[in-house]
Amino acid sequence: MRKLILTAIAALGLALPAAAAANSTLVVAMRDPGCHWFQVGGKYSKSVVRHGPVTLVNRDMAPLRIKGPSGTKIERVLGKLKLQAKGTYRITMVRQAPDDNHLVLKIK
């Protein structure tokens, strides 16, 4: 009986990190210079690599244009978009100035 309980606890412990990694949230935030950035752990970046599905949250000042393997999508301000297809996503702001950042998200 003790062996069964310990096995169940170990299995649960292994399942939790895998579930957390499978549902990754990525924030696009407004920040100068460059207008929009990925916000990752309190730091800002123009490119990010993730493994598995990603929920993209738009906290920028305008809608985002996301071009990726499944076509082009527009995500409104404060909206959430789940990206599942593996590949490279290019993210720009709608009516973006030429000197603003062009973000790159790679999902493996």
# chains A, B, ... in the order shown; residues from 1 in each chain; ligands from 1
$ residues_around --residues "Lys86 in chain A" --least-positions-apart "6" --cutoff "12 Å" --atoms "only C-alpha atoms" --output "count of residues only"
13
$ residues_around --residues "Val104 in chain A" --least-positions-apart "2" --cutoff "8 Å" --atoms "only C-alpha atoms" --output "list of chain:residue names"
A:Lys46, A:Ser47, A:Val48, A:Thr88, A:Tyr89, A:Arg90, A:Ile91, A:His102, A:Lys106
$ write_last_selection --atoms "N, CA and C atoms" --output "CSV table (one decimal), in the first residue's frame"
chain,number,residue,atom,x,y,z
A,46,LYS,N,13.1,41.1,-27.8
A,46,LYS,CA,12.4,41.1,-29.1
A,46,LYS,C,12.2,39.8,-29.8
A,47,SER,N,12.8,38.7,-29.2
A,47,SER,CA,12.6,37.4,-29.7
A,47,SER,C,12.6,36.4,-28.6
A,48,VAL,N,11.7,35.4,-28.7
A,48,VAL,CA,11.5,34.4,-27.7
A,48,VAL,C,11.4,33.0,-28.4
A,88,THR,N,7.6,29.8,-36.9
A,88,THR,CA,8.0,31.1,-36.6
A,88,THR,C,6.9,32.1,-36.8
A,89,TYR,N,6.6,32.9,-35.8
A,89,TYR,CA,5.6,33.9,-35.8
A,89,TYR,C,6.3,35.3,-35.8
A,90,ARG,N,5.8,36.2,-36.7
A,90,ARG,CA,6.3,37.5,-36.8
A,90,ARG,C,5.2,38.5,-36.3
A,91,ILE,N,5.5,39.3,-35.3
A,91,ILE,CA,4.5,40.1,-34.6
A,91,ILE,C,4.8,41.5,-34.8
A,102,HIS,N,10.1,44.7,-34.4
A,102,HIS,CA,9.5,43.6,-35.1
A,102,HIS,C,9.8,42.4,-34.2
A,106,LYS,N,9.3,31.9,-31.8
A,106,LYS,CA,9.5,30.5,-32.4
A,106,LYS,C,8.9,29.5,-31.4
$ closest_residue --among "A:Gly71, A:Pro98, A:Gly87, A:Pro63" --to "Ala29 in chain A" --atoms "only C-alpha atoms"
A:Pro63
$ closest_residue --among "A:Leu81, A:Leu56, A:Ala97, A:Met61" --to "Arg31 in chain A" --atoms "only C-alpha atoms"
A:Met61
$ closest_residue --among "A:Trp37, A:Ser24, A:Gly42, A:Arg65" --to "Gln96 in chain A" --atoms "only C-alpha atoms"
A:Arg65
$ closest_residue --among "A:Val77, A:Leu64, A:Met93, A:Leu103" --to "Ser45 in chain A" --atoms "only C-alpha atoms"
A:Leu103
$ closest_residue --among "A:Thr55, A:Thr92, A:Thr25, A:Asn101" --to "Gly41 in chain A" --atoms "only C-alpha atoms"
A:Thr25
$ closest_residue --among "A:Asn58, A:Lys73, A:Gly79, A:Lys67" --to "Leu26 in chain A" --atoms "only C-alpha atoms"
A:Asn58
$ decode --residues "range 49-71 of chain A" --atoms "N, CA and C atoms" --output "short mmCIF file (atom, residue, chain, number, x, y, z; two decimals), in the first residue's frame"
data_model
loop_
_atom_site.label_atom_id
_atom_site.label_comp_id
_atom_site.auth_asym_id
_atom_site.auth_seq_id
_atom_site.Cartn_x
_atom_site.Cartn_y
_atom_site.Cartn_z
N VAL A 49 11.88 31.94 -27.74
CA VAL A 49 11.67 30.57 -28.18
C VAL A 49 10.90 29.85 -27.08
N ARG A 50 9.80 29.17 -27.47
CA ARG A 50 8.99 28.40 -26.52
C ARG A 50 8.79 27.00 -27.05
N HIS A 51 8.55 26.07 -26.16
CA HIS A 51 8.25 24.69 -26.52
C HIS A 51 6.80 24.41 -26.13
N GLY A 52 5.99 24.04 -27.09
CA GLY A 52 4.59 23.76 -26.82
C GLY A 52 3.71 24.97 -27.04
N PRO A 53 2.40 24.83 -26.81
CA PRO A 53 1.44 25.91 -27.04
C PRO A 53 1.74 27.14 -26.20
N VAL A 54 1.42 28.31 -26.76
CA VAL A 54 1.66 29.59 -26.09
C VAL A 54 0.38 30.41 -26.14
N THR A 55 0.02 31.02 -25.01
CA THR A 55 -1.07 31.98 -24.98
C THR A 55 -0.44 33.37 -25.01
N LEU A 56 -0.69 34.10 -26.09
CA LEU A 56 -0.14 35.43 -26.29
C LEU A 56 -1.13 36.46 -25.74
N VAL A 57 -0.67 37.33 -24.84
CA VAL A 57 -1.51 38.36 -24.22
C VAL A 57 -1.04 39.72 -24.73
N ASN A 58 -1.96 40.49 -25.31
CA ASN A 58 -1.61 41.80 -25.88
C ASN A 58 -1.86 42.91 -24.87
N ARG A 59 -0.79 43.44 -24.29
CA ARG A 59 -0.88 44.59 -23.39
C ARG A 59 -0.20 45.79 -24.03
N ASP A 60 -0.20 45.82 -25.34
CA ASP A 60 0.36 46.93 -26.10
C ASP A 60 -0.72 48.01 -26.25
N MET A 61 -0.40 49.09 -26.98
CA MET A 61 -1.33 50.21 -27.13
C MET A 61 -2.24 50.08 -28.35
N ALA A 62 -2.04 49.06 -29.18
CA ALA A 62 -2.83 48.87 -30.39
C ALA A 62 -2.94 47.37 -30.68
N PRO A 63 -3.83 47.01 -31.59
CA PRO A 63 -3.93 45.59 -31.98
C PRO A 63 -2.62 45.09 -32.58
N LEU A 64 -2.39 43.78 -32.46
CA LEU A 64 -1.18 43.17 -33.00
C LEU A 64 -1.52 42.34 -34.23
N ARG A 65 -0.61 42.35 -35.20
CA ARG A 65 -0.72 41.51 -36.39
C ARG A 65 0.27 40.36 -36.19
N ILE A 66 -0.24 39.14 -36.16
CA ILE A 66 0.58 37.95 -35.94
C ILE A 66 0.58 37.13 -37.22
N LYS A 67 1.74 37.02 -37.87
CA LYS A 67 1.88 36.22 -39.08
C LYS A 67 2.63 34.95 -38.72
N GLY A 68 2.02 33.80 -39.01
CA GLY A 68 2.65 32.54 -38.65
C GLY A 68 2.26 31.43 -39.58
N PRO A 69 2.57 30.18 -39.18
CA PRO A 69 2.31 29.02 -40.02
C PRO A 69 0.83 28.83 -40.36
N SER A 70 -0.07 29.30 -39.53
CA SER A 70 -1.50 29.11 -39.78
C SER A 70 -2.15 30.36 -40.37
N GLY A 71 -1.35 31.29 -40.89
CA GLY A 71 -1.89 32.50 -41.52
C GLY A 71 -1.67 33.73 -40.66
#
